[in-house]
Protein chains: 2
Amino acid sequence: MAATRATLVHVASLAGVSVASASRALNGMVASPETVAKVRAAAASLGYVPDATARSLKLGHSLQLAFAVDDVGNPVYVEMMRAIETVVSRSGYRLLVSSTGAGPTDAVDLVRSLSRGYADGLVISPLRVTSELVSELQRAAVPVVVVGSLPAEVRLDTVQTNSAHGVGLAVAHLIETGRRRIGFVNGPLDTTPGSARQRGFEGAYAAVGLQADVHEVQQVAKDFTVAAGRTAALELLDRHRAGSGAVMLDAIIAANDLLAFGVIHAVLELGLRVPQDVAVVGMDDTELASVFNPGLTSVSLGSAARGRHAAELLLARLTDPQLPASRIVVQPRLVVRGSTDIAATHDGSRR
Amino acid sequence: MAATRATLVHVASLAGVSVASASRALNGMVASPETVAKVRAAAASLGYVPDATARSLKLGHSLQLAFAVDDVGNPVYVEMMRAIETVVSRSGYRLLVSSTGAGPTDAVDLVRSLSRGYADGLVISPLRVTSELVSELQRAAVPVVVVGSLPAEVRLDTVQTNSAHGVGLAVAHLIETGRRRIGFVNGPLDTTPGSARQRGFEGAYAAVGLQADVHEVQQVAKDFTVAAGRTAALELLDRHRAGSGAVMLDAIIAANDLLAFGVIHAVLELGLRVPQDVAVVGMDDTELASVFNPGLTSVSLGSAARGRHAAELLLARLTDPQLPASRIVVQPRLVVRGSTDIAATHDGSRR
DNA sequence: GTTCCCACTGGAAACGTTTCCACGTGCTAG
DNA sequence: CTAGCACGTGGAAACGTTTCCAGTGGGAAC
């Protein structure tokens, strides 16, 4: 029960060598076999463990990486985080997690604070990309990898997904299975995902030659949550009733799995069936999608894969800072389940 | 674009004062108004930001707290983590998260590594509590708060929940709503939650005077996942068929929401209805429970509250290490939804 | 006019490492 | 026999802070 932790000085004096030799012996630098033995023995008997802070100060790096996200609780980010944690810890780094929160300046503050030197790199997945954030990211004190889209001219490592194309997959699938009156519950348009998905929807809508006005079949939810999805869907469905009161939509795409769950709730509340009356497609293919009842057809945007790539990109840049900025694109993939395909209803498998 | 970051020496020399004065001026210690002004100006013009590592080394604390858990991806832990992150960051600490993984020695290694001094405290929520882990926790280099149960004699801060009582609530609710043949899908018995819930189930079963053998109505899943829950439920239901093939259970309690989702899948696959033929109760009341369809009746064990308490306990101990070890118990609470109560089926609210 | 105190300051030590540098040794090559 | 080299070592500087300590000056009290 040492009152205070053993330091290298104690080890050195117990081993009867200088601190320099002790350090070398423990770190496998040049040292005679007997020195190594003596030092090892001394270290073991004192229960010596090198101090991470002192080491960091001297070496100039912290062996820590940060992951920043608006809300750690969101399932998409959880999968991403798990993947990042795996990669990062395998390389001997520790992972700092911070919720930047909704406030637009919080993310900026976080990036600025990186110059305190507590982390060697950052993976960030911002919901809203302001120009202030972008410029702050570019002048960040440590390498940054962005998960999400940035203005084209920005030279930063990014990992993206083609979510516009993802919406296209969803539309194509619905058309293929006979739906013609497709609604869209989107998230806030000032978020990067929100605007990308709107573009995707408009494009897909035009491509398949549907006649209706896009704005008539789109409804914007106030955020990416289940409750907001339900509210938006109720409004959307209400807007599309025929004179008889019959609903005129036969499918709804949601910008997000959480929104999609809300949409399903709304549809069921109105006494309609999923997928027979209204098919529903989500996006992100979170773990919950396969668990839900009915299973949620969802466009996988590869959260785990994106997390893994982001972490690997960051590690690569740390070992070679000269690398040109690279951009990895993870292609979306449609996973069909019961919410669009009655035959798949009781698929209890987890993807 | 400074080639190297500005340090306090630069600030001091630009301001024309000593490093000592510069430090004092910036930290609000005694200093003349004009010194403060000069130093502030110099710091601002150089974009000076104090180095976290050097500060930590000198001050002897890292301003970092760690959160360790078997799998960051599990929804229960996610809510816990979110709560911890909120509390901790509000107090100016950063949060390190680490998945200790299934390996039993990983947690031990992690606790040992705390003596490297990279964190000032730890919140840990181990699935399996070995005696080696306990002794390591007791001799840990920094304060530790355990979320979960420990042997009674261990003097450590803990935040617990009475999950045995939680199972009791579930049983009582089912009895009250007319069910008499209640099955139990548990997680692995060598985990702390698993064994506690088994005791709870046995106690409750005896208390209400049900006649059947407990072991006949219990089925152990191989882990706490949806897939395992489904498999276990299929087996359990199969064991309890009458000669006619009719199922003889009218309710199943699962040790975990994920298991419960699996159970519901199994029940539906067999062509039975939830809750009319078989009622299902989960445990943890994760966000998914309210989202699921039907809404899952679940015993809330207050994950977020436990996380918050754990973080606060840790902060309190950091400010006063002499505090006696305290034990906070969060009482379970039953949240009734559609999976046991047909009237609550279309409750779209989020708790 | 002296003494005391107070507010403020700068030099230097310290936190626990790693690493530069100079200094032995003992050897081999010339 | 000496120059050179390889190897191993210890002293000391360095990383960027904070803080102890000993001063400095000026003003108030006697």
# chains A, B, ... in the order shown; residues from 1 in each chain; ligands from 1
call {"tool": "select_by_dssp", "arguments": {"residues": "stretch 72-273 of chain A", "states": "alpha helix (DSSP H)", "output": "PyMOL selection string"}}
result
chain A and resi 75-90+104-113+131-138+163-176+192-207+214-217+226-239+257-269
call {"tool": "write_last_selection", "arguments": {"atoms": "C-alpha atoms", "output": "compact mmCIF listing (two decimals), in the first residue's frame"}}
result
# COMPACT_ATOMS: atom_id res chain seq x y z
CA PRO A 75 -28.90 4.35 -32.57
CA VAL A 76 -27.05 5.23 -35.77
CA TYR A 77 -24.27 6.83 -33.83
CA VAL A 78 -24.16 4.00 -31.37
CA GLU A 79 -23.30 1.52 -34.09
CA MET A 80 -20.78 3.93 -35.49
CA MET A 81 -19.24 4.41 -32.09
CA ARG A 82 -18.99 0.71 -31.44
CA ALA A 83 -17.14 0.24 -34.71
CA ILE A 84 -14.82 3.14 -34.00
CA GLU A 85 -14.11 1.93 -30.50
CA THR A 86 -13.14 -1.47 -31.81
CA VAL A 87 -10.68 -0.18 -34.39
CA VAL A 88 -9.21 2.47 -32.19
CA SER A 89 -8.64 0.37 -29.10
CA ARG A 90 -7.05 -2.34 -31.18
CA PRO A 104 -24.60 25.05 -33.26
CA THR A 105 -21.62 26.56 -31.44
CA ASP A 106 -21.00 23.51 -29.30
CA ALA A 107 -19.38 21.57 -32.11
CA VAL A 108 -17.24 24.56 -32.97
CA ASP A 109 -16.13 24.91 -29.37
CA LEU A 110 -15.26 21.26 -29.27
CA VAL A 111 -13.10 21.47 -32.36
CA ARG A 112 -11.36 24.53 -30.97
CA SER A 113 -10.68 22.79 -27.70
CA SER A 131 -19.50 27.39 -42.70
CA GLU A 132 -18.04 28.35 -39.35
CA LEU A 133 -17.73 24.70 -38.42
CA VAL A 134 -16.08 23.89 -41.73
CA SER A 135 -13.45 26.57 -41.37
CA GLU A 136 -12.83 25.51 -37.80
CA LEU A 137 -12.40 21.90 -38.92
CA GLN A 138 -9.88 22.96 -41.54
CA SER A 163 -28.08 8.82 -49.22
CA ALA A 164 -29.70 10.42 -52.25
CA HIS A 165 -29.11 7.20 -54.11
CA GLY A 166 -30.44 5.41 -51.04
CA VAL A 167 -33.74 7.19 -51.39
CA GLY A 168 -33.69 6.16 -55.04
CA LEU A 169 -33.36 2.51 -54.02
CA ALA A 170 -36.37 2.87 -51.77
CA VAL A 171 -38.48 4.49 -54.48
CA ALA A 172 -37.48 1.89 -57.04
CA HIS A 173 -38.37 -0.93 -54.67
CA LEU A 174 -41.78 0.56 -53.96
CA ILE A 175 -42.53 1.09 -57.63
CA GLU A 176 -41.44 -2.45 -58.37
CA THR A 192 -27.11 17.66 -44.10
CA PRO A 193 -28.97 14.34 -44.17
CA GLY A 194 -32.29 16.13 -44.54
CA SER A 195 -31.29 18.16 -47.56
CA ALA A 196 -29.47 15.27 -49.24
CA ARG A 197 -32.47 13.02 -48.87
CA GLN A 198 -34.78 15.64 -50.27
CA ARG A 199 -32.63 15.95 -53.38
CA GLY A 200 -32.63 12.18 -53.64
CA PHE A 201 -36.37 11.99 -53.36
CA GLU A 202 -36.95 14.67 -55.95
CA GLY A 203 -34.55 13.01 -58.34
CA ALA A 204 -36.02 9.57 -57.90
CA TYR A 205 -39.53 10.90 -58.18
CA ALA A 206 -38.75 12.54 -61.48
CA ALA A 207 -36.83 9.52 -62.76
CA VAL A 214 -43.08 16.60 -54.87
CA HIS A 215 -43.95 19.17 -52.26
CA GLU A 216 -47.41 17.76 -51.93
CA VAL A 217 -46.21 14.36 -50.86
CA VAL A 226 -40.21 8.60 -33.41
CA ALA A 227 -42.65 11.16 -32.02
CA ALA A 228 -41.88 13.64 -34.78
CA GLY A 229 -42.29 10.89 -37.37
CA ARG A 230 -45.70 10.00 -36.05
CA THR A 231 -46.92 13.59 -36.05
CA ALA A 232 -45.60 14.23 -39.53
CA ALA A 233 -47.15 11.06 -40.89
CA LEU A 234 -50.55 11.84 -39.39
CA GLU A 235 -50.47 15.23 -41.04
CA LEU A 236 -49.28 13.85 -44.35
CA LEU A 237 -51.91 11.13 -44.41
CA ASP A 238 -54.60 13.59 -43.47
CA ARG A 239 -53.65 15.86 -46.35
CA ASP A 257 -35.56 4.49 -39.01
CA LEU A 258 -36.83 6.37 -35.98
CA LEU A 259 -39.09 8.48 -38.16
CA ALA A 260 -40.21 5.30 -39.90
CA PHE A 261 -41.27 3.73 -36.62
CA GLY A 262 -43.34 6.82 -35.92
CA VAL A 263 -44.86 6.56 -39.38
CA ILE A 264 -45.86 2.95 -38.80
CA HIS A 265 -47.46 3.89 -35.51
CA ALA A 266 -49.46 6.61 -37.25
CA VAL A 267 -50.60 4.29 -40.02
CA LEU A 268 -51.74 1.65 -37.57
CA GLU A 269 -53.51 4.23 -35.45
call {"tool": "closest_atom_pairs", "arguments": {"of": "chain A", "to": "chain C", "cutoff": "9 Å", "atoms": "only C-alpha atoms (C1' of nucleotides)", "output": "JSON lines"}}
result
{"residue": "A:Thr7", "atom": "CA", "partner": "C:DG16", "partner_atom": "C1'", "distance": 7.0}
{"residue": "A:Leu8", "atom": "CA", "partner": "C:DG16", "partner_atom": "C1'", "distance": 7.4}
{"residue": "A:Val9", "atom": "CA", "partner": "C:DG16", "partner_atom": "C1'", "distance": 8.6}
{"residue": "A:Ala20", "atom": "CA", "partner": "C:DT18", "partner_atom": "C1'", "distance": 8.1}
{"residue": "A:Ser23", "atom": "CA", "partner": "C:DT18", "partner_atom": "C1'", "distance": 7.5}
{"residue": "A:Arg24", "atom": "CA", "partner": "C:DT18", "partner_atom": "C1'", "distance": 8.8}
{"residue": "A:Pro50", "atom": "CA", "partner": "C:DT17", "partner_atom": "C1'", "distance": 8.2}
{"residue": "A:Asp51", "atom": "CA", "partner": "C:DG16", "partner_atom": "C1'", "distance": 6.7}
{"residue": "A:Ala52", "atom": "CA", "partner": "C:DT17", "partner_atom": "C1'", "distance": 8.9}
{"residue": "A:Thr53", "atom": "CA", "partner": "C:DG16", "partner_atom": "C1'", "distance": 8.1}
{"residue": "A:Ala54", "atom": "CA", "partner": "C:DG16", "partner_atom": "C1'", "distance": 5.0}
{"residue": "A:Arg55", "atom": "CA", "partner": "C:DT17", "partner_atom": "C1'", "distance": 5.1}
{"residue": "A:Ser56", "atom": "CA", "partner": "C:DT17", "partner_atom": "C1'", "distance": 8.3}
{"residue": "A:Leu57", "atom": "CA", "partner": "C:DT17", "partner_atom": "C1'", "distance": 7.9}
{"residue": "A:Lys58", "atom": "CA", "partner": "C:DT17", "partner_atom": "C1'", "distance": 6.2}
{"residue": "A:Leu59", "atom": "CA", "partner": "C:DT18", "partner_atom": "C1'", "distance": 7.3}
call {"tool": "write_last_selection", "arguments": {"atoms": "N, CA and C atoms", "output": "PDB file, in the first residue's frame"}}
result
ATOM      1  N   THR A   7       7.459   5.759  -9.011  1.00  0.00           N
ATOM      2  CA  THR A   7       7.856   6.409 -10.254  1.00  0.00           C
ATOM      3  C   THR A   7       9.165   5.802 -10.738  1.00  0.00           C
ATOM      4  N   LEU A   8       9.564   6.262 -11.880  1.00  0.00           N
ATOM      5  CA  LEU A   8      10.757   5.710 -12.486  1.00  0.00           C
ATOM      6  C   LEU A   8      11.998   5.951 -11.612  1.00  0.00           C
ATOM      7  N   VAL A   9      11.982   7.031 -10.870  1.00  0.00           N
ATOM      8  CA  VAL A   9      13.117   7.329  -9.991  1.00  0.00           C
ATOM      9  C   VAL A   9      13.258   6.229  -8.936  1.00  0.00           C
ATOM     10  N   ALA A  20      17.775   7.256 -16.638  1.00  0.00           N
ATOM     11  CA  ALA A  20      17.894   7.096 -18.083  1.00  0.00           C
ATOM     12  C   ALA A  20      17.971   5.623 -18.446  1.00  0.00           C
ATOM     13  N   SER A  23      14.658   3.844 -17.888  1.00  0.00           N
ATOM     14  CA  SER A  23      13.722   4.117 -18.979  1.00  0.00           C
ATOM     15  C   SER A  23      14.063   3.283 -20.204  1.00  0.00           C
ATOM     16  N   ARG A  24      15.355   3.288 -20.559  1.00  0.00           N
ATOM     17  CA  ARG A  24      15.768   2.519 -21.739  1.00  0.00           C
ATOM     18  C   ARG A  24      15.489   1.041 -21.563  1.00  0.00           C
ATOM     19  N   PRO A  50       4.072   3.044 -15.722  1.00  0.00           N
ATOM     20  CA  PRO A  50       4.453   4.362 -16.233  1.00  0.00           C
ATOM     21  C   PRO A  50       3.264   5.313 -16.276  1.00  0.00           C
ATOM     22  N   ASP A  51       3.517   6.570 -16.024  1.00  0.00           N
ATOM     23  CA  ASP A  51       2.461   7.567 -16.005  1.00  0.00           C
ATOM     24  C   ASP A  51       2.123   8.055 -17.406  1.00  0.00           C
ATOM     25  N   ALA A  52       0.844   7.910 -17.742  1.00  0.00           N
ATOM     26  CA  ALA A  52       0.421   8.252 -19.097  1.00  0.00           C
ATOM     27  C   ALA A  52       0.579   9.740 -19.392  1.00  0.00           C
ATOM     28  N   THR A  53       0.302  10.560 -18.399  1.00  0.00           N
ATOM     29  CA  THR A  53       0.353  12.007 -18.629  1.00  0.00           C
ATOM     30  C   THR A  53       1.778  12.479 -18.912  1.00  0.00           C
ATOM     31  N   ALA A  54       2.692  12.044 -18.062  1.00  0.00           N
ATOM     32  CA  ALA A  54       4.086  12.464 -18.240  1.00  0.00           C
ATOM     33  C   ALA A  54       4.605  11.986 -19.592  1.00  0.00           C
ATOM     34  N   ARG A  55       4.258  10.770 -19.896  1.00  0.00           N
ATOM     35  CA  ARG A  55       4.653  10.195 -21.170  1.00  0.00           C
ATOM     36  C   ARG A  55       4.116  11.029 -22.333  1.00  0.00           C
ATOM     37  N   SER A  56       2.850  11.369 -22.244  1.00  0.00           N
ATOM     38  CA  SER A  56       2.220  12.163 -23.293  1.00  0.00           C
ATOM     39  C   SER A  56       2.914  13.505 -23.438  1.00  0.00           C
ATOM     40  N   LEU A  57       3.169  14.133 -22.317  1.00  0.00           N
ATOM     41  CA  LEU A  57       3.789  15.452 -22.365  1.00  0.00           C
ATOM     42  C   LEU A  57       5.122  15.382 -23.092  1.00  0.00           C
ATOM     43  N   LYS A  58       5.893  14.398 -22.732  1.00  0.00           N
ATOM     44  CA  LYS A  58       7.212  14.266 -23.340  1.00  0.00           C
ATOM     45  C   LYS A  58       7.115  13.887 -24.814  1.00  0.00           C
ATOM     46  N   LEU A  59       6.254  12.914 -25.084  1.00  0.00           N
ATOM     47  CA  LEU A  59       6.190  12.382 -26.441  1.00  0.00           C
ATOM     48  C   LEU A  59       5.391  13.262 -27.400  1.00  0.00           C
TER      49      LEU A  59
END
call {"tool": "atom_distance", "arguments": {"atom1": "atom C1' of D:DA14", "atom2": "atom CA of B:Ala15"}}
result
23.6 Å
call {"tool": "residues_around", "arguments": {"residues": "stretch 293-310 of chain B", "least_positions_apart": "3", "cutoff": "6 Å", "atoms": "only C-alpha atoms (C1' of nucleotides)", "output": "PyMOL selection string"}}
result
(chain A and resi 293) or (chain B and resi 79-80+83-84+281-285+289-290+313+332-339+345)
call {"tool": "atom_distance", "arguments": {"atom1": "atom CA of B:Ala141", "atom2": "atom CA of B:Leu114"}}
result
6.1 Å
